[in-house]
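What's in my_file07.txt: compact mmCIF, N, CA and C atoms
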```txt
# COMPACT_ATOMS: atom_id res chain seq x y z
N MET A 1 -13.80 7.87 -3.60
CA MET A 1 -12.64 7.17 -3.07
C MET A 1 -12.98 5.69 -2.83
N GLY A 2 -14.24 5.39 -2.54
CA GLY A 2 -14.62 4.02 -2.23
C GLY A 2 -14.22 3.01 -3.27
N SER A 3 -14.47 3.30 -4.54
CA SER A 3 -14.13 2.34 -5.59
C SER A 3 -12.63 2.26 -5.80
N ARG A 4 -11.90 3.35 -5.52
CA ARG A 4 -10.44 3.34 -5.70
C ARG A 4 -9.76 2.42 -4.70
N VAL A 5 -10.32 2.32 -3.52
CA VAL A 5 -9.68 1.51 -2.48
C VAL A 5 -10.43 0.20 -2.21
N PHE A 6 -11.41 -0.10 -3.06
CA PHE A 6 -12.19 -1.32 -2.89
C PHE A 6 -11.27 -2.54 -2.89
N GLN A 7 -11.38 -3.35 -1.90
CA GLN A 7 -10.61 -4.57 -1.70
C GLN A 7 -9.10 -4.33 -1.54
N ALA A 8 -8.72 -3.14 -1.08
CA ALA A 8 -7.30 -2.85 -0.86
C ALA A 8 -6.68 -3.78 0.17
N GLY A 9 -7.44 -4.09 1.21
CA GLY A 9 -6.93 -5.01 2.23
C GLY A 9 -6.68 -6.40 1.68
N LEU A 10 -7.61 -6.89 0.88
CA LEU A 10 -7.47 -8.20 0.26
C LEU A 10 -6.26 -8.23 -0.68
N GLN A 11 -6.11 -7.18 -1.47
CA GLN A 11 -4.98 -7.09 -2.41
C GLN A 11 -3.66 -7.04 -1.64
N THR A 12 -3.64 -6.32 -0.53
CA THR A 12 -2.42 -6.22 0.27
C THR A 12 -2.05 -7.57 0.88
N MET A 13 -3.05 -8.27 1.40
CA MET A 13 -2.77 -9.58 1.98
C MET A 13 -2.26 -10.55 0.91
N ARG A 14 -2.77 -10.45 -0.28
CA ARG A 14 -2.32 -11.31 -1.38
C ARG A 14 -0.85 -11.01 -1.70
N GLN A 15 -0.48 -9.73 -1.74
CA GLN A 15 0.92 -9.39 -1.98
C GLN A 15 1.81 -9.89 -0.85
N LEU A 16 1.33 -9.81 0.37
CA LEU A 16 2.10 -10.32 1.49
C LEU A 16 2.27 -11.83 1.39
N GLU A 17 1.24 -12.50 0.92
CA GLU A 17 1.33 -13.95 0.70
C GLU A 17 2.44 -14.26 -0.31
N PHE A 18 2.45 -13.53 -1.42
CA PHE A 18 3.48 -13.74 -2.43
C PHE A 18 4.88 -13.49 -1.85
N ALA A 19 5.02 -12.39 -1.12
CA ALA A 19 6.32 -12.01 -0.57
C ALA A 19 6.81 -13.04 0.44
N LEU A 20 5.93 -13.47 1.33
CA LEU A 20 6.32 -14.47 2.33
C LEU A 20 6.70 -15.80 1.68
N LEU A 21 5.92 -16.22 0.68
CA LEU A 21 6.26 -17.45 -0.02
C LEU A 21 7.64 -17.33 -0.66
N ASP A 22 7.87 -16.24 -1.34
CA ASP A 22 9.15 -16.00 -2.00
C ASP A 22 10.31 -16.04 -1.00
N LEU A 23 10.18 -15.31 0.08
CA LEU A 23 11.25 -15.27 1.08
C LEU A 23 11.49 -16.64 1.70
N ARG A 24 10.42 -17.33 2.06
CA ARG A 24 10.58 -18.63 2.70
C ARG A 24 11.16 -19.67 1.76
N ILE A 25 10.72 -19.69 0.51
CA ILE A 25 11.27 -20.66 -0.44
C ILE A 25 12.77 -20.50 -0.57
N HIS A 26 13.22 -19.26 -0.64
CA HIS A 26 14.65 -19.01 -0.81
C HIS A 26 15.44 -19.15 0.49
N ALA A 27 14.88 -18.76 1.61
CA ALA A 27 15.60 -18.82 2.88
C ALA A 27 15.66 -20.23 3.47
N GLU A 28 14.62 -21.02 3.23
CA GLU A 28 14.53 -22.32 3.87
C GLU A 28 14.93 -23.50 2.98
N TYR A 29 15.31 -23.23 1.76
CA TYR A 29 15.63 -24.31 0.83
C TYR A 29 16.82 -25.13 1.33
N GLN A 30 16.65 -26.44 1.32
CA GLN A 30 17.71 -27.37 1.67
C GLN A 30 17.78 -28.41 0.56
N PRO A 31 18.89 -28.48 -0.17
CA PRO A 31 18.97 -29.40 -1.31
C PRO A 31 18.63 -30.83 -0.97
N GLU A 32 19.04 -31.32 0.20
CA GLU A 32 18.77 -32.71 0.56
C GLU A 32 17.28 -32.96 0.85
N ARG A 33 16.55 -31.93 1.20
CA ARG A 33 15.13 -32.06 1.53
C ARG A 33 14.26 -31.69 0.34
N GLY A 34 14.74 -30.79 -0.48
CA GLY A 34 13.93 -30.29 -1.59
C GLY A 34 13.21 -29.02 -1.18
N ALA A 35 12.48 -28.43 -2.09
CA ALA A 35 11.87 -27.14 -1.85
C ALA A 35 10.58 -27.20 -1.03
N HIS A 36 9.78 -28.23 -1.23
CA HIS A 36 8.50 -28.35 -0.52
C HIS A 36 7.67 -27.09 -0.70
N VAL A 37 7.54 -26.66 -1.93
CA VAL A 37 6.87 -25.41 -2.25
C VAL A 37 5.41 -25.41 -1.83
N MET A 38 4.68 -26.47 -2.14
CA MET A 38 3.25 -26.49 -1.82
C MET A 38 3.01 -26.52 -0.31
N GLU A 39 3.86 -27.23 0.43
CA GLU A 39 3.72 -27.24 1.88
C GLU A 39 4.00 -25.86 2.46
N THR A 40 5.04 -25.22 1.95
CA THR A 40 5.37 -23.87 2.40
C THR A 40 4.24 -22.90 2.08
N LEU A 41 3.70 -23.01 0.89
CA LEU A 41 2.58 -22.15 0.50
C LEU A 41 1.38 -22.37 1.43
N ALA A 42 1.09 -23.61 1.78
CA ALA A 42 -0.02 -23.90 2.68
C ALA A 42 0.20 -23.24 4.05
N GLU A 43 1.44 -23.28 4.53
CA GLU A 43 1.76 -22.65 5.82
C GLU A 43 1.60 -21.13 5.74
N VAL A 44 2.07 -20.55 4.66
CA VAL A 44 1.94 -19.10 4.47
C VAL A 44 0.47 -18.72 4.39
N ARG A 45 -0.28 -19.46 3.62
CA ARG A 45 -1.72 -19.16 3.48
C ARG A 45 -2.44 -19.30 4.81
N GLU A 46 -2.02 -20.22 5.62
CA GLU A 46 -2.63 -20.38 6.94
C GLU A 46 -2.42 -19.12 7.77
N GLN A 47 -1.30 -18.46 7.57
CA GLN A 47 -0.99 -17.23 8.31
C GLN A 47 -1.73 -16.01 7.78
N VAL A 48 -1.81 -15.86 6.44
CA VAL A 48 -2.26 -14.57 5.90
C VAL A 48 -3.42 -14.60 4.92
N ALA A 49 -3.76 -15.75 4.37
CA ALA A 49 -4.77 -15.77 3.32
C ALA A 49 -6.16 -15.49 3.88
N VAL A 50 -6.87 -14.62 3.20
CA VAL A 50 -8.25 -14.33 3.56
C VAL A 50 -9.16 -15.31 2.83
N ILE A 51 -8.86 -15.53 1.56
CA ILE A 51 -9.60 -16.48 0.74
C ILE A 51 -8.61 -17.55 0.29
N LYS A 52 -8.87 -18.77 0.67
CA LYS A 52 -7.95 -19.86 0.32
C LYS A 52 -8.39 -20.51 -0.98
N PRO A 53 -7.48 -20.61 -1.94
CA PRO A 53 -7.80 -21.26 -3.22
C PRO A 53 -8.04 -22.75 -3.01
N PRO A 54 -8.67 -23.41 -3.97
CA PRO A 54 -8.90 -24.85 -3.86
C PRO A 54 -7.59 -25.62 -3.86
N ALA A 55 -7.62 -26.82 -3.32
CA ALA A 55 -6.42 -27.65 -3.19
C ALA A 55 -5.74 -27.93 -4.53
N PHE A 56 -6.51 -27.98 -5.61
CA PHE A 56 -5.91 -28.29 -6.91
C PHE A 56 -5.16 -27.10 -7.52
N ASN A 57 -5.27 -25.94 -6.93
CA ASN A 57 -4.60 -24.75 -7.43
C ASN A 57 -3.09 -24.93 -7.35
N ARG A 58 -2.39 -24.57 -8.41
CA ARG A 58 -0.93 -24.70 -8.47
C ARG A 58 -0.30 -23.35 -8.80
N PHE A 59 -0.64 -22.35 -8.01
CA PHE A 59 -0.13 -21.00 -8.22
C PHE A 59 1.39 -20.93 -8.37
N PRO A 60 2.18 -21.58 -7.51
CA PRO A 60 3.64 -21.42 -7.61
C PRO A 60 4.22 -21.76 -8.99
N GLN A 61 3.57 -22.67 -9.71
CA GLN A 61 4.09 -23.06 -11.02
C GLN A 61 4.01 -21.91 -12.02
N SER A 62 3.20 -20.91 -11.74
CA SER A 62 3.12 -19.77 -12.67
C SER A 62 3.66 -18.49 -12.06
N PHE A 63 4.23 -18.58 -10.88
CA PHE A 63 4.76 -17.40 -10.19
C PHE A 63 6.18 -17.13 -10.67
N SER A 64 6.28 -16.71 -11.92
CA SER A 64 7.58 -16.59 -12.57
C SER A 64 8.47 -15.51 -11.96
N HIS A 65 7.90 -14.54 -11.27
CA HIS A 65 8.71 -13.49 -10.66
C HIS A 65 9.82 -14.06 -9.79
N ILE A 66 9.50 -15.11 -9.04
CA ILE A 66 10.47 -15.58 -8.06
C ILE A 66 11.50 -16.56 -8.62
N PHE A 67 11.30 -17.01 -9.83
CA PHE A 67 12.28 -17.92 -10.40
C PHE A 67 12.89 -17.39 -11.70
N ALA A 68 12.06 -16.94 -12.61
CA ALA A 68 12.57 -16.51 -13.92
C ALA A 68 12.61 -14.99 -14.07
N GLY A 69 12.03 -14.27 -13.13
CA GLY A 69 11.90 -12.82 -13.29
C GLY A 69 12.97 -12.00 -12.61
N GLY A 70 13.95 -12.64 -11.99
CA GLY A 70 15.03 -11.90 -11.36
C GLY A 70 14.69 -11.32 -9.99
N TYR A 71 13.60 -11.78 -9.38
CA TYR A 71 13.19 -11.25 -8.09
C TYR A 71 13.49 -12.21 -6.94
N ALA A 72 14.32 -13.19 -7.16
CA ALA A 72 14.56 -14.21 -6.14
C ALA A 72 14.67 -13.59 -4.75
N ALA A 73 13.74 -13.95 -3.88
CA ALA A 73 13.65 -13.44 -2.51
C ALA A 73 13.50 -11.92 -2.49
N GLY A 74 12.98 -11.34 -3.56
CA GLY A 74 12.85 -9.89 -3.62
C GLY A 74 11.45 -9.41 -3.97
N TYR A 75 10.47 -10.29 -3.97
CA TYR A 75 9.12 -9.86 -4.32
C TYR A 75 8.59 -8.81 -3.35
N TYR A 76 9.05 -8.87 -2.09
CA TYR A 76 8.63 -7.90 -1.09
C TYR A 76 8.92 -6.46 -1.53
N SER A 77 9.86 -6.29 -2.46
CA SER A 77 10.25 -4.93 -2.88
C SER A 77 9.09 -4.17 -3.50
N TYR A 78 8.10 -4.88 -4.04
CA TYR A 78 6.91 -4.19 -4.56
C TYR A 78 6.22 -3.41 -3.44
N LYS A 79 5.98 -4.08 -2.33
CA LYS A 79 5.28 -3.43 -1.21
C LYS A 79 6.19 -2.38 -0.57
N TRP A 80 7.47 -2.66 -0.47
CA TRP A 80 8.40 -1.70 0.12
C TRP A 80 8.46 -0.43 -0.74
N ALA A 81 8.43 -0.57 -2.04
CA ALA A 81 8.42 0.60 -2.92
C ALA A 81 7.16 1.43 -2.71
N GLU A 82 6.04 0.75 -2.48
CA GLU A 82 4.79 1.47 -2.20
C GLU A 82 4.88 2.25 -0.89
N VAL A 83 5.50 1.67 0.12
CA VAL A 83 5.69 2.35 1.41
C VAL A 83 6.51 3.62 1.20
N LEU A 84 7.63 3.50 0.49
CA LEU A 84 8.50 4.65 0.26
C LEU A 84 7.81 5.73 -0.56
N ALA A 85 7.13 5.34 -1.62
CA ALA A 85 6.46 6.31 -2.48
C ALA A 85 5.36 7.06 -1.74
N ALA A 86 4.54 6.34 -0.99
CA ALA A 86 3.45 6.98 -0.26
C ALA A 86 3.99 7.92 0.82
N ASP A 87 5.04 7.49 1.51
CA ASP A 87 5.61 8.33 2.56
C ASP A 87 6.27 9.58 1.96
N ALA A 88 6.96 9.41 0.85
CA ALA A 88 7.57 10.58 0.19
C ALA A 88 6.48 11.54 -0.28
N PHE A 89 5.43 11.01 -0.87
CA PHE A 89 4.34 11.88 -1.35
C PHE A 89 3.66 12.60 -0.20
N SER A 90 3.60 11.96 0.97
CA SER A 90 2.95 12.60 2.11
C SER A 90 3.67 13.88 2.52
N ALA A 91 4.97 13.97 2.23
CA ALA A 91 5.69 15.22 2.51
C ALA A 91 5.10 16.35 1.68
N PHE A 92 4.76 16.05 0.44
CA PHE A 92 4.14 17.05 -0.43
C PHE A 92 2.73 17.38 0.05
N GLU A 93 2.01 16.38 0.53
CA GLU A 93 0.67 16.63 1.06
C GLU A 93 0.74 17.53 2.29
N GLU A 94 1.74 17.30 3.13
CA GLU A 94 1.89 18.09 4.36
C GLU A 94 2.28 19.54 4.07
N GLN A 95 3.14 19.74 3.10
CA GLN A 95 3.68 21.08 2.83
C GLN A 95 2.99 21.79 1.67
N GLY A 96 2.16 21.07 0.96
CA GLY A 96 1.52 21.62 -0.23
C GLY A 96 2.12 20.94 -1.46
N ILE A 97 1.26 20.47 -2.32
CA ILE A 97 1.70 19.69 -3.48
C ILE A 97 2.72 20.44 -4.33
N PHE A 98 2.57 21.73 -4.44
CA PHE A 98 3.47 22.52 -5.30
C PHE A 98 4.50 23.30 -4.49
N ASN A 99 4.80 22.86 -3.28
CA ASN A 99 5.77 23.54 -2.43
C ASN A 99 7.17 23.39 -3.02
N ALA A 100 7.78 24.52 -3.39
CA ALA A 100 9.09 24.50 -4.07
C ALA A 100 10.20 23.96 -3.17
N SER A 101 10.14 24.27 -1.89
CA SER A 101 11.17 23.80 -0.97
C SER A 101 11.14 22.28 -0.84
N THR A 102 9.94 21.72 -0.72
CA THR A 102 9.80 20.26 -0.63
C THR A 102 10.29 19.60 -1.92
N ALA A 103 9.91 20.19 -3.04
CA ALA A 103 10.34 19.65 -4.34
C ALA A 103 11.86 19.69 -4.48
N GLN A 104 12.48 20.76 -4.02
CA GLN A 104 13.94 20.87 -4.11
C GLN A 104 14.62 19.85 -3.20
N ARG A 105 14.09 19.66 -1.99
CA ARG A 105 14.64 18.65 -1.08
C ARG A 105 14.53 17.26 -1.70
N PHE A 106 13.39 16.97 -2.32
CA PHE A 106 13.19 15.68 -2.97
C PHE A 106 14.18 15.49 -4.11
N ALA A 107 14.31 16.52 -4.92
CA ALA A 107 15.23 16.44 -6.07
C ALA A 107 16.67 16.23 -5.61
N SER A 108 17.11 17.00 -4.63
CA SER A 108 18.51 16.90 -4.23
C SER A 108 18.80 15.63 -3.43
N ALA A 109 17.88 15.20 -2.59
CA ALA A 109 18.14 14.02 -1.75
C ALA A 109 17.91 12.71 -2.49
N ILE A 110 16.92 12.67 -3.38
CA ILE A 110 16.54 11.41 -4.02
C ILE A 110 16.93 11.37 -5.50
N LEU A 111 16.37 12.26 -6.27
CA LEU A 111 16.54 12.19 -7.73
C LEU A 111 17.97 12.44 -8.19
N GLU A 112 18.62 13.44 -7.65
CA GLU A 112 19.98 13.77 -8.10
C GLU A 112 21.01 12.74 -7.67
N LYS A 113 20.73 12.03 -6.58
CA LYS A 113 21.69 11.04 -6.07
C LYS A 113 21.55 9.70 -6.79
N GLY A 114 20.34 9.38 -7.22
CA GLY A 114 20.14 8.10 -7.91
C GLY A 114 20.63 6.95 -7.07
N GLY A 115 21.35 6.04 -7.68
CA GLY A 115 21.88 4.87 -6.98
C GLY A 115 23.27 5.08 -6.43
N SER A 116 23.73 6.33 -6.35
CA SER A 116 25.09 6.59 -5.90
C SER A 116 25.27 6.52 -4.39
N ARG A 117 24.15 6.41 -3.66
CA ARG A 117 24.25 6.31 -2.21
C ARG A 117 23.16 5.37 -1.70
N ASP A 118 23.27 5.00 -0.46
CA ASP A 118 22.30 4.11 0.17
C ASP A 118 20.90 4.73 0.10
N ALA A 119 19.93 3.96 -0.35
CA ALA A 119 18.56 4.46 -0.52
C ALA A 119 17.95 4.93 0.80
N MET A 120 18.22 4.22 1.89
CA MET A 120 17.66 4.63 3.18
C MET A 120 18.24 5.96 3.62
N GLU A 121 19.53 6.15 3.40
CA GLU A 121 20.15 7.44 3.75
C GLU A 121 19.51 8.58 2.96
N ALA A 122 19.27 8.35 1.69
CA ALA A 122 18.65 9.37 0.84
C ALA A 122 17.23 9.67 1.33
N PHE A 123 16.48 8.63 1.66
CA PHE A 123 15.12 8.84 2.14
C PHE A 123 15.12 9.63 3.44
N VAL A 124 15.99 9.25 4.37
CA VAL A 124 16.06 9.93 5.66
C VAL A 124 16.47 11.39 5.47
N GLU A 125 17.35 11.64 4.53
CA GLU A 125 17.73 13.04 4.25
C GLU A 125 16.50 13.83 3.79
N PHE A 126 15.69 13.23 2.94
CA PHE A 126 14.51 13.93 2.43
C PHE A 126 13.44 14.11 3.50
N ARG A 127 13.08 13.03 4.20
CA ARG A 127 11.95 13.09 5.15
C ARG A 127 12.38 13.48 6.56
N GLY A 128 13.67 13.34 6.86
CA GLY A 128 14.12 13.66 8.21
C GLY A 128 13.85 12.53 9.19
N ARG A 129 13.48 11.37 8.68
CA ARG A 129 13.18 10.20 9.49
C ARG A 129 13.13 8.97 8.59
N LYS A 130 13.07 7.81 9.20
CA LYS A 130 12.91 6.57 8.44
C LYS A 130 11.48 6.47 7.92
N PRO A 131 11.25 5.64 6.91
CA PRO A 131 9.91 5.49 6.34
C PRO A 131 8.90 4.98 7.37
N GLU A 132 7.66 5.42 7.20
CA GLU A 132 6.56 4.97 8.03
C GLU A 132 5.47 4.40 7.15
N ILE A 133 4.71 3.48 7.68
CA ILE A 133 3.68 2.80 6.89
C ILE A 133 2.36 3.57 6.85
N GLN A 134 2.13 4.47 7.80
CA GLN A 134 0.85 5.17 7.88
C GLN A 134 0.45 5.87 6.59
N PRO A 135 1.34 6.55 5.88
CA PRO A 135 0.93 7.19 4.62
C PRO A 135 0.39 6.19 3.59
N LEU A 136 0.98 5.00 3.52
CA LEU A 136 0.48 3.99 2.58
C LEU A 136 -0.90 3.51 3.01
N LEU A 137 -1.07 3.25 4.30
CA LEU A 137 -2.37 2.80 4.79
C LEU A 137 -3.44 3.85 4.50
N LYS A 138 -3.10 5.11 4.68
CA LYS A 138 -4.05 6.19 4.39
C LYS A 138 -4.37 6.22 2.89
N GLN A 139 -3.35 6.14 2.07
CA GLN A 139 -3.52 6.18 0.61
C GLN A 139 -4.39 5.02 0.13
N MET A 140 -4.25 3.88 0.78
CA MET A 140 -5.01 2.69 0.38
C MET A 140 -6.39 2.65 1.01
N GLY A 141 -6.69 3.59 1.89
CA GLY A 141 -7.98 3.60 2.56
C GLY A 141 -8.05 2.59 3.68
N LEU A 142 -6.92 2.18 4.22
CA LEU A 142 -6.88 1.17 5.26
C LEU A 142 -6.59 1.73 6.65
N GLN A 143 -6.32 3.01 6.73
CA GLN A 143 -6.01 3.62 8.01
C GLN A 143 -7.31 3.82 8.78
N LEU A 144 -7.32 3.34 9.99
CA LEU A 144 -8.50 3.50 10.82
C LEU A 144 -8.57 4.94 11.31
N GLU A 145 -9.74 5.50 11.19
CA GLU A 145 -9.96 6.85 11.69
C GLU A 145 -10.16 6.77 13.19
N THR A 146 -9.51 7.65 13.92
CA THR A 146 -9.68 7.67 15.36
C THR A 146 -10.46 8.92 15.74
N THR A 147 -11.30 8.76 16.67
CA THR A 147 -12.07 9.90 17.17
C THR A 147 -11.87 9.96 18.67
N SER A 148 -11.86 11.16 19.17
CA SER A 148 -11.72 11.31 20.62
C SER A 148 -13.09 11.53 21.24
N CYS A 149 -13.23 11.05 22.42
CA CYS A 149 -14.49 11.23 23.14
C CYS A 149 -14.47 12.58 23.84
N PRO A 150 -15.62 13.24 23.92
CA PRO A 150 -15.65 14.56 24.59
C PRO A 150 -15.38 14.45 26.07
```

This entry written out as structure tokens:
Amino acid sequence: MGSRVFQAGLQTMRQLEFALLDLRIHAEYQPERGAHVMETLAEVREQVAVIKPPAFNRFPQSFSHIFAGGYAAGYYSYKWAEVLAADAFSAFEEQGIFNASTAQRFASAILEKGGSRDAMEAFVEFRGRKPEIQPLLKQMGLQLETTSCP
């Protein structure tokens, strides 16, 4: 498992950096002021970056997802999809991977409905609650193990 989750924390922080930059560029844009992309990126990196690239780095100029890729202010959906997928899979882990009842609930609440209803409603129908981050943290090897003292 060690190699599978190697640098998972670093990778997660990098995705959060991308998502925050994307959201801030779109939410804070003022035509009279301009985008100030590099300043915004510096502020985001100050908050979340573990390893800061050199000053000459021009990452935003190649970050096509947020301008040409149709993800405007939606890059966060990558991480959100991981949260949903890990939490849904944890239902199978809890009940048994091949549990027919869990599979049927998943099929009827999620797969059969597709985009015909609100995604959160479908998820809550399947899991019986809103999504939680713990299954993703566990899957990524980032969940801290707790031990009780005797």

Run DSSP on the backbone and grab whatever in stretch 27-126 of chain A lands in helix (DSSP H, G or I); send it over as a ChimeraX atom specification. /A:27-28,37-48,59-62,64-66,77-95,100-111,114-116,119-126

Using only N, CA and C atoms, the shortest atom-to-atom distance to A:Phe106 among A:His36, A:Lys79, A:Arg127, A:His26 belongs to A:Arg127

Would you pick out the contacts of A:Arg45 at 12 Å or less, using only C-alpha atoms, so that residues sharing its chain but fewer than 2 positions from it are not included, and give the list as a tab-separated table (two decimals) with N, CA and C atoms, in the coordinates of the input?
```tsv
chain	number	residue	atom	x	y	z
A	13	MET	N	-3.05	-8.27	1.40
A	13	MET	CA	-2.77	-9.58	1.98
A	13	MET	C	-2.26	-10.55	0.91
A	14	ARG	N	-2.77	-10.45	-0.28
A	14	ARG	CA	-2.32	-11.31	-1.38
A	14	ARG	C	-0.85	-11.01	-1.70
A	15	GLN	N	-0.48	-9.73	-1.74
A	15	GLN	CA	0.92	-9.39	-1.98
A	15	GLN	C	1.81	-9.89	-0.85
A	16	LEU	N	1.33	-9.81	0.37
A	16	LEU	CA	2.10	-10.32	1.49
A	16	LEU	C	2.27	-11.83	1.39
A	17	GLU	N	1.24	-12.50	0.92
A	17	GLU	CA	1.33	-13.95	0.70
A	17	GLU	C	2.44	-14.26	-0.31
A	18	PHE	N	2.45	-13.53	-1.42
A	18	PHE	CA	3.48	-13.74	-2.43
A	18	PHE	C	4.88	-13.49	-1.85
A	19	ALA	N	5.02	-12.39	-1.12
A	19	ALA	CA	6.32	-12.01	-0.57
A	19	ALA	C	6.81	-13.04	0.44
A	20	LEU	N	5.93	-13.47	1.33
A	20	LEU	CA	6.32	-14.47	2.33
A	20	LEU	C	6.70	-15.80	1.68
A	21	LEU	N	5.92	-16.22	0.68
A	21	LEU	CA	6.26	-17.45	-0.02
A	21	LEU	C	7.64	-17.33	-0.66
A	38	MET	N	4.68	-26.47	-2.14
A	38	MET	CA	3.25	-26.49	-1.82
A	38	MET	C	3.01	-26.52	-0.31
A	39	GLU	N	3.86	-27.23	0.43
A	39	GLU	CA	3.72	-27.24	1.88
A	39	GLU	C	4.00	-25.86	2.46
A	40	THR	N	5.04	-25.22	1.95
A	40	THR	CA	5.37	-23.87	2.40
A	40	THR	C	4.24	-22.90	2.08
A	41	LEU	N	3.70	-23.01	0.89
A	41	LEU	CA	2.58	-22.15	0.50
A	41	LEU	C	1.38	-22.37	1.43
A	42	ALA	N	1.09	-23.61	1.78
A	42	ALA	CA	-0.02	-23.90	2.68
A	42	ALA	C	0.20	-23.24	4.05
A	43	GLU	N	1.44	-23.28	4.53
A	43	GLU	CA	1.76	-22.65	5.82
A	43	GLU	C	1.60	-21.13	5.74
A	47	GLN	N	-1.30	-18.46	7.57
A	47	GLN	CA	-0.99	-17.23	8.31
A	47	GLN	C	-1.73	-16.01	7.78
A	48	VAL	N	-1.81	-15.86	6.44
A	48	VAL	CA	-2.26	-14.57	5.90
A	48	VAL	C	-3.42	-14.60	4.92
A	49	ALA	N	-3.76	-15.75	4.37
A	49	ALA	CA	-4.77	-15.77	3.32
A	49	ALA	C	-6.16	-15.49	3.88
A	50	VAL	N	-6.87	-14.62	3.20
A	50	VAL	CA	-8.25	-14.33	3.56
A	50	VAL	C	-9.16	-15.31	2.83
A	51	ILE	N	-8.86	-15.53	1.56
A	51	ILE	CA	-9.60	-16.48	0.74
A	51	ILE	C	-8.61	-17.55	0.29
A	52	LYS	N	-8.87	-18.77	0.67
A	52	LYS	CA	-7.95	-19.86	0.32
A	52	LYS	C	-8.39	-20.51	-0.98
A	53	PRO	N	-7.48	-20.61	-1.94
A	53	PRO	CA	-7.80	-21.26	-3.22
A	53	PRO	C	-8.04	-22.75	-3.01
A	54	PRO	N	-8.67	-23.41	-3.97
A	54	PRO	CA	-8.90	-24.85	-3.86
A	54	PRO	C	-7.59	-25.62	-3.86
A	55	ALA	N	-7.62	-26.82	-3.32
A	55	ALA	CA	-6.42	-27.65	-3.19
A	55	ALA	C	-5.74	-27.93	-4.53
A	59	PHE	N	-0.64	-22.35	-8.01
A	59	PHE	CA	-0.13	-21.00	-8.22
A	59	PHE	C	1.39	-20.93	-8.37
```

Shortest contact to A:Phe6, candidates A:Gly141, A:Ile25, A:Tyr75, A:Thr102, atoms counted all atoms listed in the file, goes to A:Gly141

Record the distance separating atom CA of A:Lys113 and atom CA of A:Phe126, expressed in Å with one decimal.
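Value for the atom CA of A:Lys113-atom CA of A:Phe126 distance: 11.5 Å.
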
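Of the residues under consideration (A:Pro131, A:Ser90, A:Leu23, A:Leu136), A:Leu23 shows the shortest atom-to-atom contact distance to A:Ala72 when counting only N, CA and C atoms.
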
For atom N of A:Ile133 and atom N of A:His65, the interatomic separation in Å (one decimal):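 Separation of atom N of A:Ile133 and atom N of A:His65: 26.3 Å.
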
Need the axis-aligned box for stretch 95-102 of chain A with 6 Å each side, so what are the centre and edges in Å to one decimal, as lines of an AutoDock Vina configuration file?
```
center_x = 6.2
center_y = 22.1
center_z = -1.1
size_x = 21.9
size_y = 16.9
size_z = 20.4
```

Record the distance separating atom N of A:Tyr29 and atom CA of A:Ala68, expressed in Å with one decimal.
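A separation of 17.3 Å between them.
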
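Of the listed residues A:Pro31, A:Val124, A:Arg24, A:Gly9, the one whose atoms come nearest to A:Ala73 is A:Arg24, with distances taken using all atoms listed in the file.
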
> Pick from A:Leu84, A:Ala100, A:Ser62, A:Lys138: nearest to A:Phe123, with only C-alpha atoms counted?
Replying inline: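 So, comparing all the options, the nearest one is A:Leu84.
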
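You can rank A:Asp87, A:Glu32, A:Asp22, A:Phe92 by their closest distance to A:Ile66 using only C-alpha atoms, and at the top of that list sits A:Asp22.
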